[in-house]
Structures are given as C-alpha cells and as structure tokens.
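*Asks:* Sharing a structure below in structure tokens format, with a few things to ask.
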Amino acid sequence: MRGKYTARNIKTGDIYEVISLEIINATNGSENQKMVLYQRKSMLYVRDYVEFFQKFDRIKPISL
C-alpha cells in the first residue's frame, strides 16, 4: 500500500511517508515477522511493525 499516510517520529519530530505495512522479514530466525517500510527524502527504512507504532504517530492520510 504505497503512500498510505505520513507519520511523525515521536523523538525527533521528523516526518516520514509510510510506503507499506505489509512487509515480511525473511531473515533466518525472523521469518514472517511483520515490518513497516517507510521513507524520508530518498532514504528507505524498515522497522518491526510493533516497534514502529511505539516510536511514530500517524499524522495524516496522503491523497493518491
């Protein structure tokens, strides 16, 4: 789900675009761990789904 919404990092206040909430970690020992893919400027990031929602606030939907 590209461009679902923007989120603010609680600690830094930086704004990110959430690209997908449907990423699956395929690393040995972490198979099927749900991840969030998000970006700021041209840099892409991935974070554990639960951890993401502990560290970010959803701020607004993005119109497609």
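Here, A, B, ... name the chains of the structure tokens in the order displayed, residue numbers run from 1 inside each chain, and ligands are numbered from 1 in the same displayed order.
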Output as a list in words all residues of chain A that backbone DSSP marks as helix (DSSP H, G or I).

*Replies:*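 Residues meeting the helix (DSSP H, G or I) criterion: Tyr49, Val50, Glu51, Phe52, Phe53, Gln54 and Lys55 of chain A.
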
*Asks:* Please produce a file of those selected residues containing N, CA and C atoms, as an mmCIF file, in the first residue's frame.

*Replies:*
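Saved result, result15.cif, follows:
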```cif
data_model
loop_
_atom_site.group_PDB
_atom_site.id
_atom_site.type_symbol
_atom_site.label_atom_id
_atom_site.label_comp_id
_atom_site.auth_asym_id
_atom_site.auth_seq_id
_atom_site.Cartn_x
_atom_site.Cartn_y
_atom_site.Cartn_z
ATOM 1 N N TYR A 49 7.018 -3.941 12.954
ATOM 2 C CA TYR A 49 5.669 -3.359 12.953
ATOM 3 C C TYR A 49 5.285 -2.796 14.327
ATOM 4 N N VAL A 50 5.426 -3.587 15.372
ATOM 5 C CA VAL A 50 5.046 -3.150 16.722
ATOM 6 C C VAL A 50 5.926 -1.989 17.177
ATOM 7 N N GLU A 51 7.225 -2.098 16.941
ATOM 8 C CA GLU A 51 8.153 -1.036 17.340
ATOM 9 C C GLU A 51 7.845 0.268 16.601
ATOM 10 N N PHE A 52 7.482 0.172 15.322
ATOM 11 C CA PHE A 52 7.158 1.367 14.553
ATOM 12 C C PHE A 52 6.050 2.166 15.232
ATOM 13 N N PHE A 53 4.992 1.485 15.639
ATOM 14 C CA PHE A 53 3.855 2.194 16.238
ATOM 15 C C PHE A 53 4.114 2.645 17.674
ATOM 16 N N GLN A 54 5.207 2.197 18.258
ATOM 17 C CA GLN A 54 5.627 2.719 19.563
ATOM 18 C C GLN A 54 6.436 4.002 19.394
ATOM 19 N N LYS A 55 7.091 4.167 18.233
ATOM 20 C CA LYS A 55 8.005 5.283 18.024
ATOM 21 C C LYS A 55 7.477 6.361 17.078
#
```

*Asks:* Just want the 9 Å neighbourhood of Lys60 of chain A, counted on only C-alpha atoms, with same-chain residues fewer than 2 positions away dropped. Output as a list in words.

*Replies:* Lys4, Tyr5, Thr6, Ala7, Arg58 and Ile62 of chain A

*Asks:* Only C-alpha atoms, please: the residues just picked out, written as a compact mmCIF listing (two decimals), in the first residue's frame.

*Replies:*
```txt
# COMPACT_ATOMS: atom_id res chain seq x y z
CA LYS A 4 -0.97 5.26 2.83
CA TYR A 5 -0.16 8.06 5.28
CA THR A 6 2.55 10.17 6.88
CA ALA A 7 3.95 9.60 10.34
CA ARG A 58 0.22 8.73 12.44
CA ILE A 62 -1.96 11.02 1.75
```

*Asks:* Kindly give the distance, in Å, that separates atom CA of Ile19 of chain A and atom CA of Lys34 of chain A, rounded to a single decimal.

*Replies:*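 Computing the Euclidean distance for atom CA of Ile19 of chain A and atom CA of Lys34 of chain A yields 13.9 Å.
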
*Asks:* Kindly give the distance, in Å, that separates atom CA of Arg8 of chain A and atom CA of Tyr38 of chain A, rounded to a single decimal.

*Replies:*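 Result for atom CA of Arg8 of chain A versus atom CA of Tyr38 of chain A: 11.2 Å, one decimal.
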